[in-house]
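Below is coords-v6.tsv, which holds TSV, C-alpha atoms.
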chain	number	residue	atom	x	y	z
A	1	MET	CA	192.80	41.03	-76.88
A	2	SER	CA	194.54	42.06	-73.67
A	3	GLU	CA	195.99	45.50	-73.05
A	4	ARG	CA	198.18	44.45	-70.15
A	5	GLY	CA	201.64	46.03	-70.32
A	6	SER	CA	200.67	48.74	-72.79
A	7	ILE	CA	201.33	51.49	-70.24
A	8	THR	CA	204.85	50.12	-69.84
A	9	LEU	CA	205.51	50.57	-73.54
A	10	TRP	CA	204.09	54.10	-73.44
A	11	MET	CA	206.28	55.01	-70.45
A	12	VAL	CA	209.41	53.60	-72.10
A	13	GLY	CA	208.66	55.66	-75.20
A	14	LEU	CA	207.97	58.77	-73.13
A	15	VAL	CA	211.21	58.37	-71.15
A	16	MET	CA	213.18	58.05	-74.40
A	17	VAL	CA	211.60	61.23	-75.74
A	18	VAL	CA	212.35	63.12	-72.51
A	19	PHE	CA	215.98	61.96	-72.61
A	20	ALA	CA	216.28	63.02	-76.25
A	21	VAL	CA	214.87	66.49	-75.57
A	22	GLY	CA	217.07	66.85	-72.49
A	23	GLY	CA	220.15	65.84	-74.45
A	24	LEU	CA	219.35	68.33	-77.19
A	25	ALA	CA	218.86	71.05	-74.59
A	26	ILE	CA	222.24	70.27	-73.02
A	27	ASP	CA	224.02	70.34	-76.41
A	28	LEU	CA	222.26	73.57	-77.37
A	29	TRP	CA	223.18	75.21	-74.07
A	30	ARG	CA	226.82	74.15	-74.38
A	31	GLY	CA	226.93	75.50	-77.93
A	32	LEU	CA	225.44	78.85	-76.90
A	33	ALA	CA	227.82	79.16	-73.95
A	34	ALA	CA	230.80	78.41	-76.20
A	35	HIS	CA	229.62	80.99	-78.73
A	36	ARG	CA	229.30	83.61	-76.01
A	37	GLN	CA	232.84	82.84	-74.84
A	38	VAL	CA	234.30	82.95	-78.36
A	39	ALA	CA	232.50	86.21	-79.12
A	40	ALA	CA	233.83	87.81	-75.94
A	41	VAL	CA	237.42	86.75	-76.71
A	42	VAL	CA	237.12	87.94	-80.32
A	43	ASP	CA	235.75	91.31	-79.18
A	44	SER	CA	238.66	91.69	-76.75
A	45	ALA	CA	241.14	90.76	-79.47
A	46	ALA	CA	239.56	93.24	-81.89
A	47	ILE	CA	239.86	96.03	-79.32
A	48	ALA	CA	243.50	95.07	-78.80
A	49	ALA	CA	244.04	94.95	-82.58
A	50	GLY	CA	242.68	98.49	-82.85
A	51	SER	CA	245.50	99.56	-80.54
A	52	GLY	CA	248.13	98.22	-82.93
A	53	ILE	CA	248.77	101.58	-84.56
A	54	ASP	CA	251.93	102.03	-86.60
A	55	GLU	CA	253.44	104.70	-84.35
A	56	PRO	CA	256.45	105.63	-86.54
A	57	ALA	CA	254.15	106.25	-89.52
A	58	TRP	CA	251.78	108.26	-87.33
A	59	ARG	CA	254.59	110.41	-85.94
A	60	THR	CA	256.33	111.05	-89.27
A	61	THR	CA	253.44	111.34	-91.73
A	62	GLY	CA	250.35	111.71	-89.54
A	63	GLU	CA	248.83	108.71	-91.30
A	64	LEU	CA	246.72	106.53	-89.01
A	65	ARG	CA	247.21	102.88	-89.96
A	66	LEU	CA	247.69	99.54	-88.27
A	67	ASP	CA	250.99	97.71	-88.01
A	68	SER	CA	250.42	94.05	-88.93
A	69	ALA	CA	253.19	92.68	-86.70
A	70	ARG	CA	252.02	94.70	-83.71
A	71	VAL	CA	248.41	93.61	-84.25
A	72	ASP	CA	249.53	89.97	-84.35
A	73	ARG	CA	251.40	90.36	-81.05
A	74	LEU	CA	248.46	92.06	-79.35
A	75	VAL	CA	246.00	89.42	-80.55
A	76	ALA	CA	248.37	86.64	-79.46
A	77	ALA	CA	248.53	88.22	-75.99
A	78	VAL	CA	244.73	88.18	-75.77
A	79	ALA	CA	244.66	84.54	-76.92
A	80	ALA	CA	247.23	83.58	-74.28
A	81	GLY	CA	245.24	85.26	-71.53
A	82	SER	CA	241.85	83.84	-72.49
A	83	GLU	CA	240.24	80.88	-70.79
A	84	GLY	CA	239.42	77.89	-72.92
A	85	ALA	CA	240.77	76.80	-76.26
A	86	VAL	CA	239.91	79.68	-78.60
A	87	ALA	CA	242.08	79.89	-81.71
A	88	LEU	CA	242.43	83.51	-82.89
A	89	ARG	CA	243.56	84.80	-86.27
A	90	ALA	CA	244.03	88.46	-87.14
A	91	THR	CA	244.11	89.91	-90.64
A	92	VAL	CA	245.18	93.47	-91.43
A	93	ALA	CA	244.21	95.13	-94.70
A	94	GLY	CA	247.08	95.89	-97.07
A	95	ASP	CA	246.88	99.63	-96.43
A	96	GLY	CA	246.52	99.12	-92.67
A	97	SER	CA	243.12	100.81	-92.55
A	98	THR	CA	241.24	97.92	-90.94
A	99	ALA	CA	241.83	94.70	-89.07
A	100	SER	CA	239.59	91.71	-88.62
A	101	VAL	CA	239.81	89.01	-85.98
A	102	GLU	CA	238.32	85.54	-86.26
A	103	GLY	CA	238.06	83.09	-83.40
A	104	ALA	CA	237.06	79.45	-83.38
A	105	THR	CA	236.58	76.60	-80.95
A	106	THR	CA	234.90	73.22	-80.93
A	107	VAL	CA	232.30	71.72	-78.61
A	108	ASP	CA	232.01	67.98	-78.12
A	109	LEU	CA	228.38	66.95	-78.39
A	110	THR	CA	226.67	64.50	-76.09
A	111	LEU	CA	223.40	63.31	-77.62
A	112	LEU	CA	223.83	64.99	-80.99
A	113	GLY	CA	227.23	63.32	-81.22
A	114	ILE	CA	225.40	60.10	-82.00
A	115	LEU	CA	223.74	61.70	-85.01
A	116	THR	CA	226.65	63.75	-86.40
A	117	ASP	CA	230.29	63.23	-87.26
A	118	GLY	CA	232.65	65.15	-85.01
A	119	PRO	CA	232.23	68.12	-82.73
A	120	LEU	CA	230.30	71.35	-83.25
A	121	GLU	CA	232.49	74.17	-84.61
A	122	ILE	CA	231.83	77.65	-83.19
A	123	THR	CA	233.22	80.78	-84.90
A	124	ALA	CA	232.94	84.52	-84.39
A	125	ARG	CA	234.34	87.51	-86.29
A	126	ALA	CA	234.93	91.16	-85.48
A	127	ALA	CA	236.42	94.04	-87.44
A	128	VAL	CA	238.05	97.21	-86.21
A	129	VAL	CA	238.95	100.55	-87.77
A	130	PRO	CA	241.39	102.79	-85.90
A	131	VAL	CA	240.07	106.29	-85.25
A	132	LEU	CA	241.24	109.22	-83.21
A	133	SER	CA	238.88	110.33	-80.50
A	134	PRO	CA	238.48	114.08	-80.08

Rewrite the structure from the file as structure tokens, please.
Amino acid sequence: MSERGSITLWMVGLVMVVFAVGGLAIDLWRGLAAHRQVAAVVDSAAIAAGSGIDEPAWRTTGELRLDSARVDRLVAAVAAGSEGAVALRATVAGDGSTASVEGATTVDLTLLGILTDGPLEITARAAVVPVLSP
């Protein structure tokens, strides 16, 4: 029995494994970078949402609450100024005591795209409560 050419088979197998690991590393890195970007945009939008105080209510009653329409405008301004395609959605509690912001984007996969259906969905959430600083 001859063993000629067996190293070629081993090298082909090794190259395929290296490509697979490299492709997974690239997809993982892209996913982590997208998550970092979405989290940063969501944090910025949450800070902006915390500025959406209902000023007439504050001036007349002294009650500190968020104005839903103002929060939506502020979050939309952050979304318009952000780089990349991050979809933001703000939700204000019924009593205006808190607001939450959720952001989402998708990442097209390279190697993992062969194994899965569709892109990787990245989401991040942040909540804010308006407070008066002393």

Could you list, with a cut-off of 9 Å and counting all atoms listed in the file, the residues of stretch 76-103 of chain A near stretch 114-134 of chain A, each shown with its nearest atom pair and the distance in Å rounded to one decimal, rows sorted by chain and ascending number, as a Markdown table?
| residue | atom | partner | partner_atom | distance |
| --- | --- | --- | --- | --- |
| A:Ser97 | CA | A:Val129 | CA | 6.3 |
| A:Thr98 | CA | A:Val129 | CA | 4.7 |
| A:Ala99 | CA | A:Val128 | CA | 5.4 |
| A:Ser100 | CA | A:Ala127 | CA | 4.1 |
| A:Val101 | CA | A:Ala126 | CA | 5.4 |
| A:Glu102 | CA | A:Arg125 | CA | 4.4 |
| A:Gly103 | CA | A:Ala124 | CA | 5.4 |

Which centre and which edge lengths, in Å to one decimal, describe the axis-aligned box that holds all listed atoms of stretch 23-39 of chain A after 8 Å is added on each side, as lines of an AutoDock Vina configuration file?
center_x = 226.6
center_y = 76.0
center_z = -76.1
size_x = 31.4
size_y = 36.4
size_z = 22.1

Quick one, how far is atom CA of A:Gly94 from atom CA of A:Ala79? 23.3 Å

Would you please work out which residue, of A:Ala93, A:Val41, A:Leu14, A:Leu32, is nearest to A:Ala80 when using all atoms listed in the file? A:Val41

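Restricting the calculation to all atoms listed in the file, the smallest distance between A:Thr105 and any of A:Val92, A:Val75, A:Val21, A:Ala87 is found for A:Ala87.
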
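When atom CA of A:Val42 is paired with atom CA of A:Gly96, their separation reads 19.1 Å.
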
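When the distance limit is 9 Å and only C-alpha atoms are what count, the residues near stretch 71-74 of chain A, minus those fewer than 3 positions from it on the same chain, are Ala45, Ala48, Ala49, Gly50, Ser51, Gly52, Ile53, Leu66, Asp67, Ser68, Ala77, Val78, Ala79, Arg89, Ala90, Thr91, Val92 and Ala99 of chain A.
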
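Between atom CA of A:Ala34 and atom CA of A:Ile47 lies a distance of 20.1 Å.
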
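Polymer residues near (230.7, 67.9, -76.6): counting all atoms listed in the file with a cut-off of 10 Å, they are Ile26, Asp27, Arg30, Gly31, Thr106, Val107, Asp108, Leu109, Thr110, Leu111, Leu112, Gly113, Gly118, Pro119 and Leu120 of chain A.
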
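Checking A:Pro56, A:Leu88, A:Ala104, A:Asp95 one by one against A:Arg36, counting all atoms listed in the file, you find the shortest gap at A:Ala104.
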
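Ranking A:Ala57, A:Arg70, A:His35, A:Ala25 by their shortest atom-to-atom distance to A:Gly84, with all atoms listed in the file included, puts A:His35 first.
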
Got a moment to write stretch 21-119 of chain A out with C-alpha atoms, as a CSV table (one decimal), in the first residue's frame?
chain,number,residue,atom,x,y,z
A,21,VAL,CA,-12.2,29.3,11.4
A,22,GLY,CA,-11.1,32.5,9.7
A,23,GLY,CA,-14.6,33.0,8.3
A,24,LEU,CA,-16.2,32.4,11.7
A,25,ALA,CA,-13.8,34.9,13.2
A,26,ILE,CA,-14.7,37.5,10.5
A,27,ASP,CA,-18.5,37.0,11.1
A,28,LEU,CA,-18.0,37.2,14.9
A,29,TRP,CA,-16.0,40.4,14.6
A,30,ARG,CA,-18.5,42.0,12.4
A,31,GLY,CA,-21.3,41.0,14.8
A,32,LEU,CA,-19.5,42.4,17.8
A,33,ALA,CA,-18.7,45.7,15.9
A,34,ALA,CA,-22.3,46.0,14.9
A,35,HIS,CA,-23.5,45.4,18.5
A,36,ARG,CA,-21.1,48.1,19.8
A,37,GLN,CA,-22.5,50.5,17.2
A,38,VAL,CA,-26.1,49.8,18.0
A,39,ALA,CA,-25.4,50.0,21.8
A,40,ALA,CA,-23.8,53.4,21.3
A,41,VAL,CA,-26.7,54.8,19.3
A,42,VAL,CA,-29.2,53.4,21.7
A,43,ASP,CA,-27.4,55.0,24.7
A,44,SER,CA,-27.3,58.3,22.9
A,45,ALA,CA,-31.0,58.0,22.1
A,46,ALA,CA,-31.8,57.1,25.7
A,47,ILE,CA,-30.0,60.2,26.9
A,48,ALA,CA,-31.9,62.3,24.4
A,49,ALA,CA,-35.2,60.7,25.5
A,50,GLY,CA,-34.4,61.6,29.1
A,51,SER,CA,-34.4,65.2,27.9
A,52,GLY,CA,-37.9,65.0,26.6
A,53,ILE,CA,-39.5,66.4,29.8
A,54,ASP,CA,-43.0,67.7,29.6
A,55,GLU,CA,-42.2,71.3,30.3
A,56,PRO,CA,-45.7,72.7,30.6
A,57,ALA,CA,-46.6,70.0,33.2
A,58,TRP,CA,-43.3,70.7,35.1
A,59,ARG,CA,-44.0,74.5,35.2
A,60,THR,CA,-47.6,74.3,36.2
A,61,THR,CA,-47.7,71.3,38.6
A,62,GLY,CA,-44.0,70.6,39.4
A,63,GLU,CA,-44.5,67.0,38.1
A,64,LEU,CA,-41.5,65.6,36.4
A,65,ARG,CA,-42.6,63.4,33.5
A,66,LEU,CA,-41.7,62.7,29.9
A,67,ASP,CA,-43.7,64.0,26.9
A,68,SER,CA,-44.1,61.1,24.4
A,69,ALA,CA,-44.2,63.3,21.3
A,70,ARG,CA,-41.1,65.2,22.4
A,71,VAL,CA,-39.3,61.9,23.2
A,72,ASP,CA,-40.1,60.6,19.7
A,73,ARG,CA,-38.8,63.7,18.0
A,74,LEU,CA,-35.5,63.6,20.0
A,75,VAL,CA,-35.0,59.9,19.3
A,76,ALA,CA,-35.7,60.4,15.6
A,77,ALA,CA,-33.1,63.2,15.6
A,78,VAL,CA,-30.5,60.8,17.0
A,79,ALA,CA,-31.5,58.2,14.5
A,80,ALA,CA,-31.1,60.6,11.6
A,81,GLY,CA,-27.6,61.7,12.8
A,82,SER,CA,-26.3,58.2,13.4
A,83,GLU,CA,-24.0,56.4,11.0
A,84,GLY,CA,-25.3,53.1,9.7
A,85,ALA,CA,-28.7,51.6,9.4
A,86,VAL,CA,-29.9,51.5,13.1
A,87,ALA,CA,-33.7,51.4,13.5
A,88,LEU,CA,-34.7,53.1,16.8
A,89,ARG,CA,-38.0,52.8,18.6
A,90,ALA,CA,-38.9,54.7,21.8
A,91,THR,CA,-41.6,53.8,24.3
A,92,VAL,CA,-42.8,56.1,27.1
A,93,ALA,CA,-44.6,54.7,30.1
A,94,GLY,CA,-48.3,55.8,30.4
A,95,ASP,CA,-47.5,58.0,33.3
A,96,GLY,CA,-44.4,59.5,31.7
A,97,SER,CA,-42.1,58.2,34.4
A,98,THR,CA,-39.8,56.2,32.2
A,99,ALA,CA,-38.8,55.8,28.6
A,100,SER,CA,-37.1,52.9,26.9
A,101,VAL,CA,-35.3,52.8,23.6
A,102,GLU,CA,-34.7,49.8,21.4
A,103,GLY,CA,-32.4,49.7,18.4
A,104,ALA,CA,-31.8,47.0,15.8
A,105,THR,CA,-29.7,46.4,12.8
A,106,THR,CA,-28.8,43.4,10.7
A,107,VAL,CA,-25.4,42.1,9.6
A,108,ASP,CA,-24.9,40.0,6.5
A,109,LEU,CA,-22.9,36.9,7.2
A,110,THR,CA,-20.1,35.6,5.1
A,111,LEU,CA,-19.2,32.1,6.0
A,112,LEU,CA,-22.1,31.6,8.5
A,113,GLY,CA,-24.4,32.7,5.7
A,114,ILE,CA,-24.0,29.3,4.1
A,115,LEU,CA,-25.2,27.6,7.3
A,116,THR,CA,-28.1,29.9,8.3
A,117,ASP,CA,-31.1,31.6,6.7
A,118,GLY,CA,-30.7,35.3,6.4
A,119,PRO,CA,-28.6,37.9,8.2
